[in-house]
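Peer 1: Next up, run10.cif (mmCIF, C-alpha atoms).
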```cif
data_entry
loop_
_atom_site.label_atom_id
_atom_site.label_comp_id
_atom_site.auth_asym_id
_atom_site.auth_seq_id
_atom_site.Cartn_x
_atom_site.Cartn_y
_atom_site.Cartn_z
CA MET J 659 -19.36 -14.06 26.84
CA ILE J 660 -17.97 -16.11 23.93
CA ARG J 661 -21.45 -16.56 22.47
CA ALA J 662 -21.99 -12.82 22.73
CA PHE J 663 -18.98 -12.11 20.48
CA ASN J 664 -20.25 -14.54 17.83
CA ALA J 665 -23.87 -13.38 17.98
CA PRO J 666 -25.26 -11.29 15.08
CA ILE J 667 -24.65 -7.55 15.10
CA ARG J 668 -28.34 -6.83 14.51
CA ARG J 669 -29.27 -8.32 17.88
CA LEU J 670 -27.51 -5.48 19.65
CA SER J 671 -29.57 -2.51 20.72
CA PRO J 672 -29.24 0.57 18.47
CA VAL J 673 -27.21 2.43 21.10
CA VAL J 674 -24.79 -0.46 21.63
CA ARG J 675 -24.47 -0.97 17.87
CA LEU J 676 -23.61 2.68 17.43
CA GLY J 677 -21.05 2.52 20.23
CA ALA J 678 -19.43 -0.61 18.81
CA GLY J 679 -19.21 0.97 15.35
CA LEU J 680 -17.66 4.16 16.72
CA ALA J 681 -15.15 2.18 18.80
CA ALA J 682 -14.08 0.21 15.73
CA ILE J 683 -13.74 3.38 13.61
CA ILE J 684 -11.72 5.20 16.26
CA GLY J 685 -9.46 2.18 16.77
CA CYS J 686 -8.91 1.91 13.03
CA LEU J 687 -8.00 5.60 12.68
CA LEU J 688 -5.69 5.60 15.69
CA TYR J 689 -3.72 2.61 14.47
CA ALA J 690 -3.50 3.95 10.91
CA MET J 691 -2.19 7.30 12.19
CA TYR J 692 0.30 5.49 14.43
CA CYS J 693 1.64 3.55 11.44
CA ILE J 694 2.13 6.57 9.19
CA SER J 695 3.76 8.52 12.04
CA ARG J 696 6.59 5.98 11.92
CA SER J 697 7.07 6.22 8.13
CA GLU J 698 8.19 8.95 5.76
CA SER J 699 6.05 12.02 5.32
CA VAL J 700 2.88 11.54 3.31
CA PHE J 701 3.95 14.52 1.19
CA VAL J 702 7.05 12.77 -0.18
CA ASN J 703 5.63 9.26 -0.31
CA GLY J 704 5.24 7.50 -3.65
CA ASP J 705 3.92 9.72 -6.45
CA ALA J 706 2.79 12.54 -4.14
CA ARG J 707 4.97 15.10 -5.95
CA PHE J 708 2.83 14.92 -9.09
CA TYR J 709 -0.42 15.71 -7.27
CA ILE J 710 1.18 18.51 -5.24
CA ALA J 711 2.44 20.00 -8.50
CA MET J 712 -1.06 19.79 -10.00
CA ALA J 713 -2.56 21.50 -6.96
CA THR J 714 -0.07 24.37 -7.29
CA GLY J 715 -0.53 24.61 -11.08
CA ASP J 716 3.03 23.54 -11.93
CA TYR J 717 2.19 21.16 -14.77
CA SER J 718 5.79 21.19 -16.02
CA GLN J 719 6.42 18.64 -13.23
CA VAL J 720 3.38 16.47 -14.04
CA MET J 721 3.22 13.71 -16.64
CA GLN J 722 0.64 11.21 -17.72
CA PRO J 723 -1.13 9.18 -16.45
CA PHE J 724 -1.01 11.18 -13.18
CA ALA J 725 -2.51 14.23 -14.88
CA SER J 726 -5.68 12.20 -15.57
CA ARG J 727 -6.52 12.16 -11.85
CA GLN J 728 -7.69 15.71 -11.39
CA LEU J 729 -10.44 16.01 -8.81
CA GLY J 730 -8.39 15.75 -5.61
CA ALA J 731 -5.86 18.32 -6.82
CA LEU J 732 -8.67 20.63 -8.00
CA ILE J 733 -10.23 20.61 -4.52
CA VAL J 734 -6.89 21.54 -2.94
CA THR J 735 -6.40 24.26 -5.58
CA GLY J 736 -9.74 25.74 -4.56
CA TRP J 737 -8.67 25.56 -0.91
CA ILE J 738 -5.49 27.49 -1.75
CA HIS J 739 -7.07 30.22 -3.89
CA TRP J 740 -10.38 30.79 -2.13
CA LEU J 741 -9.55 30.10 1.52
CA HIS J 742 -5.82 30.97 1.33
CA GLY J 743 -4.75 27.68 2.88
CA THR J 744 -1.57 25.75 2.26
CA VAL J 745 -1.14 22.75 -0.01
CA GLU J 746 -0.36 20.50 2.95
CA SER J 747 -3.40 21.57 4.97
CA GLY J 748 -5.61 21.15 1.89
CA PHE J 749 -4.55 17.56 1.33
CA LEU J 750 -4.76 16.79 5.06
CA ILE J 751 -8.34 18.07 5.31
CA GLU J 752 -9.40 16.34 2.10
CA GLY J 753 -7.80 13.04 3.13
CA THR J 754 -9.15 13.13 6.69
CA ALA J 755 -12.68 13.89 5.54
CA SER J 756 -12.45 11.13 2.92
CA ILE J 757 -11.30 8.35 5.24
CA VAL J 758 -13.77 9.30 7.99
CA PHE J 759 -16.67 9.37 5.53
CA THR J 760 -15.57 6.05 4.02
CA LEU J 761 -15.43 4.37 7.42
CA VAL J 762 -18.76 5.80 8.55
CA VAL J 763 -20.61 4.51 5.49
CA ILE J 764 -18.91 1.10 5.63
CA TYR J 765 -19.92 0.64 9.25
CA TYR J 766 -23.40 2.04 8.63
CA LEU J 767 -23.90 -0.78 6.12
CA ALA J 768 -22.21 -3.43 8.29
CA LEU J 769 -24.27 -2.60 11.40
CA LYS J 770 -27.43 -3.56 9.50
CA THR J 771 -26.26 -7.13 8.87
CA THR J 772 -26.24 -10.36 10.87
CA ALA J 773 -22.46 -10.72 10.75
CA PRO J 774 -20.77 -11.74 14.04
CA ARG J 775 -19.94 -8.82 16.30
CA TRP J 776 -16.20 -9.40 16.21
CA LEU J 777 -16.24 -8.70 12.47
CA LEU J 778 -16.59 -4.99 13.25
CA PHE J 779 -13.09 -5.02 14.74
CA ALA J 780 -11.72 -7.54 12.24
CA MET J 781 -12.51 -5.05 9.46
CA ALA J 782 -10.90 -2.20 11.38
CA PHE J 783 -7.59 -3.92 12.05
CA VAL J 784 -6.12 -4.81 8.67
CA PRO J 785 -2.96 -3.35 7.07
CA PHE J 786 -5.06 -1.86 4.27
CA TRP J 787 -6.11 1.19 6.29
CA SER J 788 -2.59 2.31 7.17
CA PHE J 789 -1.52 1.94 3.52
CA LEU J 790 -4.53 3.94 2.38
CA LEU J 791 -3.85 6.76 4.83
CA GLN J 792 -0.15 6.74 4.02
CA ASP J 793 -1.08 7.56 0.40
CA LEU J 794 -3.05 10.57 1.60
CA VAL J 795 -1.95 12.85 -1.27
CA LEU J 796 -2.80 10.25 -3.92
CA PRO J 797 -6.38 10.10 -5.31
CA ASP J 798 -7.15 6.77 -3.62
CA LEU J 799 -8.66 8.23 -0.45
CA LEU J 800 -10.98 10.61 -2.29
CA TYR J 801 -11.91 7.88 -4.75
CA SER J 802 -12.80 5.56 -1.85
CA ALA J 803 -15.09 8.24 -0.41
CA LEU J 804 -16.80 8.73 -3.78
CA LEU J 805 -17.09 4.97 -4.30
CA VAL J 806 -18.61 4.43 -0.88
CA LEU J 807 -21.14 7.17 -1.67
CA LEU J 808 -22.04 5.21 -4.79
CA LEU J 809 -22.51 2.10 -2.62
CA LEU J 810 -24.77 4.03 -0.28
CA LEU J 811 -26.89 5.21 -3.22
CA LEU J 812 -27.17 1.63 -4.44
CA GLU J 813 -28.28 0.56 -0.96
CA GLU J 814 -31.06 3.15 -1.04
CA GLU J 815 -31.78 2.35 -4.74
CA PHE J 816 -31.26 5.94 -5.93
CA MET J 817 -30.25 4.76 -9.39
CA MET J 818 -30.21 8.11 -11.17
CA ALA J 819 -28.00 9.64 -8.49
CA ALA J 820 -25.75 6.56 -8.66
CA ALA J 821 -25.47 6.99 -12.44
CA LEU J 822 -24.49 10.65 -12.03
CA MET J 823 -21.67 9.60 -9.67
CA MET J 824 -19.71 8.43 -12.72
CA PHE J 825 -18.81 12.06 -13.45
CA PRO J 826 -16.90 12.86 -10.21
CA LEU J 827 -15.48 9.34 -10.16
CA MET J 828 -14.02 9.80 -13.64
CA LEU J 829 -12.59 13.18 -12.63
CA SER J 830 -10.86 11.44 -9.74
CA ARG J 831 -9.34 8.39 -11.46
CA GLU J 832 -9.32 6.87 -14.96
CA SER J 833 -10.15 3.41 -13.58
CA THR J 834 -13.78 4.57 -13.41
CA SER J 835 -14.14 2.81 -16.76
CA LEU J 836 -14.08 -0.45 -14.79
CA THR J 837 -16.47 0.98 -12.20
CA LEU J 838 -18.92 1.93 -14.96
CA VAL J 839 -18.83 -1.53 -16.52
CA CYS J 840 -19.40 -3.23 -13.15
CA PHE J 841 -22.21 -0.78 -12.33
CA LEU J 842 -24.04 -1.47 -15.59
CA ILE J 843 -23.66 -5.25 -15.32
CA ALA J 844 -24.64 -5.49 -11.65
CA THR J 845 -27.68 -3.20 -11.83
CA TRP J 846 -28.75 -3.61 -15.47
CA LYS J 847 -32.23 -4.98 -14.67
CA ARG J 848 -32.89 -2.23 -12.14
CA LEU J 849 -31.78 0.60 -14.38
CA SER J 850 -34.02 2.33 -16.87
CA TRP J 851 -32.62 3.24 -20.28
CA THR J 852 -32.37 6.81 -19.03
CA ASP J 853 -30.26 5.69 -16.05
CA ARG J 854 -27.94 3.72 -18.33
CA ALA J 855 -27.53 6.61 -20.73
CA VAL J 856 -26.86 9.04 -17.89
CA ALA J 857 -24.18 6.74 -16.42
CA VAL J 858 -22.34 6.44 -19.74
CA LEU J 859 -22.68 10.14 -20.60
CA SER J 860 -21.51 11.16 -17.12
CA ALA J 861 -18.38 9.07 -17.50
CA LEU J 862 -17.75 10.47 -20.99
CA ALA J 863 -18.25 14.03 -19.75
CA GLY J 864 -15.77 13.39 -16.95
CA SER J 865 -13.18 12.04 -19.38
CA VAL J 866 -13.61 15.09 -21.66
CA VAL J 867 -13.09 17.48 -18.74
CA VAL J 868 -10.03 15.53 -17.59
CA LYS J 869 -8.56 15.56 -21.10
CA HIS J 870 -8.98 19.33 -21.27
CA LEU J 871 -7.42 19.91 -17.84
CA ALA J 872 -4.51 17.56 -18.54
CA MET J 873 -3.48 19.25 -21.80
CA ARG J 874 -0.81 21.24 -19.93
CA ALA J 875 0.84 18.09 -18.55
CA GLN J 876 3.89 16.37 -19.96
CA PRO J 877 3.52 13.11 -21.94
CA ASN J 878 4.36 9.77 -20.36
CA SER J 879 8.01 8.75 -20.21
CA GLU J 880 7.65 6.55 -23.31
CA ASN J 881 6.02 9.41 -25.27
CA LEU J 882 3.19 7.13 -26.36
CA PRO J 883 -0.49 8.00 -26.86
CA GLU J 884 -2.22 7.59 -23.52
CA SER J 885 -4.51 4.75 -24.65
CA ILE J 886 -1.57 2.76 -26.09
CA TYR J 887 0.50 3.43 -22.96
CA MET J 888 -2.23 2.06 -20.67
CA LEU J 889 -2.75 -1.01 -22.84
CA ALA J 890 0.99 -1.67 -23.04
CA LYS J 891 1.18 -1.82 -19.24
CA VAL J 892 -0.93 -5.00 -19.25
CA PRO J 893 1.55 -7.36 -21.04
CA TRP J 894 4.51 -5.61 -19.36
CA ASN J 895 3.14 -6.27 -15.87
CA PHE J 896 1.87 -9.74 -16.81
CA VAL J 897 5.35 -10.80 -17.89
CA ASN J 898 6.89 -9.41 -14.70
CA ASN J 899 4.31 -10.34 -12.08
CA VAL J 900 2.79 -13.56 -13.41
CA LEU J 901 5.49 -15.15 -15.58
CA GLY J 902 8.35 -14.03 -13.34
CA LEU J 903 10.40 -12.53 -16.19
CA ALA J 904 11.85 -9.07 -15.62
CA PRO J 905 11.05 -6.93 -18.71
CA TRP J 906 13.33 -4.27 -20.19
CA SER J 907 13.10 -1.40 -22.65
CA ASN J 908 15.53 1.29 -23.69
CA VAL J 909 13.35 3.77 -21.76
CA ASN J 910 12.61 1.65 -18.69
CA THR J 911 15.79 0.07 -17.34
CA GLN J 912 14.72 -0.39 -13.72
CA PHE J 913 15.40 -4.16 -13.71
CA CYS J 914 18.71 -4.19 -15.59
CA ALA J 915 20.92 -2.01 -17.76
CA ALA J 916 21.58 -4.67 -20.41
CA PRO J 917 18.96 -7.37 -21.19
CA ARG J 918 19.77 -10.99 -21.94
CA TRP J 919 17.93 -10.67 -25.23
CA ALA J 920 16.06 -7.88 -26.99
CA PHE J 921 14.48 -6.96 -30.29
CA HIS J 922 13.79 -3.65 -31.99
CA VAL J 923 10.39 -1.92 -32.04
CA HIS J 924 9.20 1.56 -32.95
CA PHE J 925 6.74 2.99 -30.41
CA GLY J 926 7.46 6.61 -29.51
CA ARG J 927 10.72 6.69 -27.58
CA VAL J 928 10.66 2.91 -27.18
CA GLN J 929 13.11 1.51 -29.71
CA ALA J 930 13.82 -1.88 -28.14
CA ILE J 931 12.26 -4.25 -25.61
CA GLY J 932 13.63 -7.42 -24.04
CA ILE J 933 13.98 -9.63 -20.97
CA CYS J 934 16.50 -9.22 -18.15
CA GLY J 935 16.00 -12.73 -16.79
CA PHE J 936 14.00 -14.59 -14.16
CA SER J 937 12.81 -12.69 -11.09
CA ASP J 938 10.61 -13.88 -8.22
CA THR J 939 10.14 -10.38 -6.78
CA GLY J 940 6.70 -10.00 -8.34
CA TRP J 941 5.56 -13.34 -6.92
CA ALA J 942 6.86 -12.38 -3.48
CA LEU J 943 5.12 -9.01 -3.40
CA MET J 944 1.88 -10.38 -4.84
CA SER J 945 1.61 -13.33 -2.44
CA GLU J 946 2.45 -11.09 0.52
CA ALA J 947 -0.26 -8.60 -0.42
CA ILE J 948 -2.92 -11.27 -1.06
CA LEU J 949 -2.27 -13.12 2.20
CA SER J 950 -1.69 -10.07 4.42
CA GLU J 951 -3.50 -6.96 3.14
CA PHE J 952 -6.93 -7.90 4.53
CA GLY J 953 -5.91 -10.52 7.08
CA LEU J 954 -8.13 -13.61 7.04
CA LEU J 955 -11.12 -11.76 5.60
CA PRO J 956 -10.53 -13.22 2.08
CA LEU J 957 -10.71 -16.73 3.54
CA LEU J 958 -13.95 -15.94 5.35
CA LEU J 959 -15.37 -14.33 2.21
CA ALA J 960 -14.57 -17.35 0.03
CA PHE J 961 -16.07 -19.71 2.61
CA LEU J 962 -19.34 -17.75 2.86
CA TRP J 963 -19.65 -17.22 -0.88
CA TRP J 964 -19.24 -20.94 -1.52
CA ARG J 965 -21.79 -21.71 1.17
CA GLY J 966 -24.39 -19.44 -0.45
CA ARG J 967 -23.35 -19.77 -4.09
CA LYS J 968 -26.70 -21.31 -5.15
CA LEU J 969 -28.80 -18.54 -3.61
CA ASN J 970 -30.19 -15.64 -5.61
CA THR J 971 -28.57 -12.24 -5.25
CA PRO J 972 -31.38 -9.67 -5.49
CA SER J 973 -29.40 -6.79 -3.97
CA GLY J 974 -27.78 -4.45 -6.50
CA LEU J 975 -25.35 -3.34 -3.81
CA LEU J 976 -24.24 -6.92 -3.14
CA ARG J 977 -23.85 -7.72 -6.83
CA PHE J 978 -21.88 -4.55 -7.58
CA SER J 979 -19.51 -4.80 -4.61
CA LEU J 980 -18.87 -8.49 -5.35
CA LEU J 981 -18.28 -7.94 -9.07
CA TYR J 982 -16.14 -4.84 -8.59
CA GLY J 983 -14.02 -6.48 -5.90
CA VAL J 984 -13.40 -9.63 -7.92
CA ALA J 985 -12.49 -7.57 -11.01
CA CYS J 986 -9.98 -5.52 -9.01
CA LEU J 987 -8.38 -8.65 -7.57
CA LEU J 988 -8.04 -10.32 -10.96
CA LEU J 989 -6.66 -7.22 -12.68
CA ALA J 990 -4.16 -6.27 -9.96
CA PRO J 991 -1.25 -8.38 -11.35
CA VAL J 992 -1.45 -6.66 -14.76
CA LEU J 993 -1.87 -3.08 -13.55
CA GLY J 994 1.47 -2.50 -11.83
CA THR J 995 3.93 -3.62 -9.17
CA TRP J 996 2.60 -1.67 -6.17
CA PHE J 997 0.56 -4.63 -4.93
CA ALA J 998 -0.25 -3.29 -1.47
CA ARG J 999 -2.08 -0.48 -3.26
CA LEU J 1000 -3.52 -2.45 -6.21
CA ILE J 1001 -4.96 -5.25 -4.06
CA GLY J 1002 -6.45 -2.56 -1.83
CA TYR J 1003 -8.71 -1.38 -4.66
CA ALA J 1004 -10.82 -4.49 -3.98
CA TRP J 1005 -11.82 -3.26 -0.50
CA PRO J 1006 -15.63 -3.23 -1.19
CA ILE J 1007 -15.69 -7.02 -1.40
CA PHE J 1008 -14.22 -7.36 2.10
CA PHE J 1009 -15.94 -4.47 3.91
CA VAL J 1010 -19.35 -4.46 2.18
CA THR J 1011 -19.91 -7.81 0.48
CA LEU J 1012 -18.55 -9.92 3.36
CA PRO J 1013 -20.90 -8.66 6.12
CA MET J 1014 -23.86 -8.97 3.75
CA LEU J 1015 -23.05 -12.60 2.96
CA PHE J 1016 -23.82 -13.52 6.57
CA ASP J 1017 -27.43 -12.56 5.85
CA ARG J 1018 -27.63 -15.43 3.37
CA ILE J 1019 -27.01 -18.23 5.87
CA GLN J 1020 -28.69 -19.15 9.12
CA TYR J 1021 -27.31 -19.04 12.62
CA LYS J 1022 -28.13 -20.46 16.03
CA ALA J 1023 -26.15 -20.76 19.20
CA THR J 1024 -24.26 -24.04 19.12
CA THR J 1025 -21.83 -25.90 21.37
CA LEU J 1026 -19.33 -23.88 23.32
CA ILE J 1027 -16.34 -25.49 21.60
CA ARG J 1028 -17.68 -24.48 18.18
CA GLU J 1029 -18.26 -20.96 19.44
CA CYS J 1030 -14.66 -20.96 20.64
CA ALA J 1031 -13.58 -21.96 17.13
CA GLY J 1032 -15.30 -18.86 15.75
CA LEU J 1033 -13.64 -16.62 18.28
CA GLY J 1034 -10.34 -18.43 17.63
CA PHE J 1035 -10.64 -17.52 13.95
CA PHE J 1036 -10.90 -13.86 14.95
CA GLY J 1037 -7.83 -14.32 17.16
CA LEU J 1038 -5.88 -15.76 14.22
CA HIS J 1039 -6.95 -12.80 12.10
CA MET J 1040 -5.54 -10.42 14.71
CA LEU J 1041 -2.35 -12.51 14.90
CA LEU J 1042 -1.90 -12.24 11.14
CA PHE J 1043 -2.52 -8.51 11.39
CA SER J 1044 0.24 -8.18 13.99
CA VAL J 1045 2.86 -10.06 11.93
CA ALA J 1046 1.87 -8.84 8.43
CA TYR J 1047 4.73 -7.45 6.32
CA ARG J 1048 7.24 -8.18 9.09
CA TRP J 1049 9.43 -10.54 7.04
CA PHE J 1050 10.13 -10.96 3.36
CA TRP J 1051 9.26 -13.67 0.84
CA ILE J 1052 9.67 -17.26 2.06
CA THR J 1053 9.54 -16.56 5.80
CA GLN J 1054 6.46 -14.35 5.51
CA LEU J 1055 4.83 -16.76 3.07
CA VAL J 1056 5.30 -19.73 5.40
CA VAL J 1057 3.95 -17.83 8.42
CA ASN J 1058 0.94 -16.59 6.43
CA LEU J 1059 0.14 -20.04 5.03
CA ILE J 1060 0.31 -21.64 8.49
CA ILE J 1061 -2.12 -19.06 9.88
CA TRP J 1062 -4.42 -19.42 6.85
CA THR J 1063 -4.43 -23.22 7.16
CA ILE J 1064 -5.34 -23.16 10.85
CA GLY J 1065 -7.95 -20.51 10.10
CA TYR J 1066 -9.51 -22.70 7.41
CA PHE J 1067 -10.04 -25.62 9.79
CA LEU J 1068 -11.36 -23.37 12.57
CA LEU J 1069 -13.76 -21.75 10.15
CA GLY J 1070 -15.04 -25.07 8.86
CA TYR J 1071 -15.58 -26.35 12.39
CA TRP J 1072 -17.30 -23.15 13.52
CA LEU J 1073 -19.76 -22.91 10.61
CA GLY J 1074 -20.30 -26.64 10.34
CA LYS J 1075 -21.06 -28.77 7.30
CA GLU J 1076 -22.63 -27.18 4.26
CA ASP J 1077 -25.63 -29.49 4.40
CA HIS J 1078 -26.43 -28.27 7.93
CA PRO J 1079 -25.99 -24.49 7.93
CA LEU J 1080 -26.30 -22.67 11.18
CA ASP J 1081 -29.72 -21.31 12.02
CA ARG J 1082 -29.00 -17.64 11.25
CA PRO J 1083 -32.13 -15.52 10.88
CA ARG J 1084 -32.40 -14.19 7.35
CA VAL J 1085 -32.41 -10.47 6.61
CA THR J 1086 -34.13 -9.24 3.49
CA GLN J 1087 -31.81 -7.16 1.30
CA HIS J 1088 -33.56 -4.25 -0.34
#
```
Would it be possible to restate this file's structure as structure tokens?

Peer 2:
Amino acid sequence: MIRAFNAPIRRLSPVVRLGAGLAAIIGCLLYAMYCISRSESVFVNGDARFYIAMATGDYSQVMQPFASRQLGALIVTGWIHWLHGTVESGFLIEGTASIVFTLVVIYYLALKTTAPRWLLFAMAFVPFWSFLLQDLVLPDLLYSALLVLLLLLLEEEFMMAAALMMFPLMLSRESTSLTLVCFLIATWKRLSWTDRAVAVLSALAGSVVVKHLAMRAQPNSENLPESIYMLAKVPWNFVNNVLGLAPWSNVNTQFCAAPRWAFHVHFGRVQAIGICGFSDTGWALMSEAILSEFGLLPLLLAFLWWRGRKLNTPSGLLRFSLLYGVACLLLAPVLGTWFARLIGYAWPIFFVTLPMLFDRIQYKATTLIRECAGLGFFGLHMLLFSVAYRWFWITQLVVNLIIWTIGYFLLGYWLGKEDHPLDRPRVTQH
């Protein structure tokens, strides 16, 4: 029985594989819905009010950069005007369809790999899914569905269609600029010059449409040009999240009313910036998100990548998901303070790259105690999932580090020494 849980997914019959994938998807959805049922309404959560206002056409309540994320609100607007539905039902249908489609494609890709069977459930039970569903009104769910469609097109090597996906992605969220760069780098050799041009032009067309639609919106709170505002967020968040110094401006006084020191500047409404003092809040939130958001999947990913780091990566899908995920993880500390959301943008590296990395090493049934170590690692992952975000700062950090440390030794014992990889049958990536 223990060996059966550690055996490759591909060895299951097609019917059993389908059943296992459906069970994992249903379990994931049920738990995510249970979590949001115990929290505040999705329609008042976070920045939901801006997207509801966009869907109803009330741009007097919408400011930048929220007005640059148009596609989700446009779909709901169409639902209201053409099918006479309500705003709430529109966002519910859009969000439900998005998360179901995202899960179906993720598991379609995972079921083709030689990853251990328990990984299907390890991917389903992570805090990320409940956070994603809780932000149902925000563009993240729709963007995930569009991004997973791009991944599917890369899997099938439909490069022109993948290039055209930059248009709806840009309509959905301005971070598509990063997606475009990762797409071009990861698939450059497989793209023709026409494909490259279409990808860039599609993104530019999307940004032009967004700029036109967002003209009715209010400027950002600092009254800065949008490009300068987005660039200014990088040093602001770096100082707060990485250096541990709480920043201040005469417009943004969330950390303190009077700074310890300040100097005058002239940027829109911003007339002075300064520092409130030392703060470890950013470190606490960042460490909690990194160690809890995806359970022990980051540890497993790092272990497998290191094991196969010298191997070639012919798959465009694998290269893109790896590059995009790493970029999202590295940029998260300078993009904002909502780490549970920002770290979540890296989901392709844990749900797409990770299962595919098992195809790069070999596997064979080994001693029972080593098989137990593999299953024990899965048990630790589920334990971390059950205690994630239960405490704050030092207590949660200590608990997470203990679980990660035990998981590291179990993982090393299960997979063995690097010089003697397990005899896992290779799967050619197309």

Peer 1: May I ask which of the residues J:Val795, J:Leu809, J:Ala915, J:Ile764 is the closest one to Pro1013 (chain J), counting all atoms listed in the file?

Peer 2: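 Of all the options, J:Ile764 lies closest to Pro1013 (chain J).
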
Peer 1: Wanna dump the region 742-853 of chain J-region 702-715 of chain J contacts at 9 Å for me, each residue with its shortest atom pair and the distance in Å to one decimal, counting all atoms listed in the file, ordered by chain and number, as CSV?

Peer 2:
```
residue,atom,partner,partner_atom,distance
J:Val745,CA,J:Ile710,CA,7.1
J:Glu746,CA,J:Ile710,CA,8.6
J:Phe749,CA,J:Ile710,CA,8.8
J:Gln792,CA,J:Asn703,CA,7.6
J:Asp793,CA,J:Asn703,CA,7.0
J:Leu794,CA,J:Ala706,CA,8.4
J:Val795,CA,J:Ala706,CA,5.5
J:Leu796,CA,J:Ala706,CA,6.0
J:Pro797,CA,J:Tyr709,CA,8.4
```

Peer 1: Would you mind reading off the distance between CA of Ile886 (chain J) and CA of Gly926 (chain J), one decimal, in Å?

Peer 2: 10.4 Å

Peer 1: Between CA of Leu687 (chain J) and CA of Glu951 (chain J), measure the distance and give it in Å to one decimal.

Peer 2: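 Atom-to-atom, CA of Leu687 (chain J) and CA of Glu951 (chain J) are spaced 16.4 Å apart.
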
Peer 1: Please compute the CA of Gln722 (chain J)-CA of Leu903 (chain J) distance, one decimal, in Å.

Peer 2: 25.7 Å

Peer 1: Care to translate the PyMOL selection byres ((chain J and resi 1068) around 9) into actual residues of this file, as a PyMOL selection string?

Peer 2: chain J and resi 1028+1031-1032+1034-1035+1063-1067+1069-1073

Peer 1: Using only C-alpha atoms, which residues sit within 7 Å of region 818-829 of chain J once same-chain residues fewer than 4 positions away are excluded, as a list of chain:residue names?

Peer 2: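 Contacts, with the query itself left out: J:Arg727, J:Gln728, J:Leu729, J:Tyr801, J:Leu804, J:Leu808, J:Leu811, J:Leu812, J:Thr834, J:Leu838, J:Asp853, J:Val856, J:Ala857, J:Ser860, J:Ala861, J:Ala863, J:Gly864, J:Ser865, J:Val868.
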
Peer 1: Step by step, work through what the PyMOL selection byres ((chain J and resi 872-877) around 9) selects in the shown file, and finish by giving those residues as a list of chain:residue names.

Peer 2: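 Checked against the file, the PyMOL selection byres ((chain J and resi 872-877) around 9) matches J:Met712, J:Asp716, J:Tyr717, J:Ser718, J:Gln719, J:Val720, J:Met721, J:Gln722, J:Pro723, J:Phe724, J:Ala725, J:Ser726, J:Arg727, J:Gln728, J:Val867, J:Val868, J:Lys869, J:His870, J:Leu871, J:Asn878, J:Ser879, J:Glu880, J:Asn881, J:Leu882, J:Pro883, J:Glu884.
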
Peer 1: Could you tell me, as a compact mmCIF listing (two decimals) with C-alpha atoms, in the frame of the given file, exactly which residues end up selected when the PyMOL selection byres ((chain J and resi 782-784) around 9) is applied to this structure?

Peer 2:
```txt
# COMPACT_ATOMS: atom_id res chain seq x y z
CA ALA J 682 -14.08 0.21 15.73
CA ILE J 683 -13.74 3.38 13.61
CA ILE J 684 -11.72 5.20 16.26
CA GLY J 685 -9.46 2.18 16.77
CA CYS J 686 -8.91 1.91 13.03
CA LEU J 687 -8.00 5.60 12.68
CA TYR J 689 -3.72 2.61 14.47
CA ALA J 690 -3.50 3.95 10.91
CA LEU J 761 -15.43 4.37 7.42
CA LEU J 777 -16.24 -8.70 12.47
CA LEU J 778 -16.59 -4.99 13.25
CA PHE J 779 -13.09 -5.02 14.74
CA ALA J 780 -11.72 -7.54 12.24
CA MET J 781 -12.51 -5.05 9.46
CA PRO J 785 -2.96 -3.35 7.07
CA PHE J 786 -5.06 -1.86 4.27
CA TRP J 787 -6.11 1.19 6.29
CA SER J 788 -2.59 2.31 7.17
CA SER J 950 -1.69 -10.07 4.42
CA GLU J 951 -3.50 -6.96 3.14
CA PHE J 952 -6.93 -7.90 4.53
CA GLY J 953 -5.91 -10.52 7.08
CA HIS J 1039 -6.95 -12.80 12.10
CA MET J 1040 -5.54 -10.42 14.71
CA LEU J 1042 -1.90 -12.24 11.14
CA PHE J 1043 -2.52 -8.51 11.39
CA SER J 1044 0.24 -8.18 13.99
CA ALA J 1046 1.87 -8.84 8.43
```
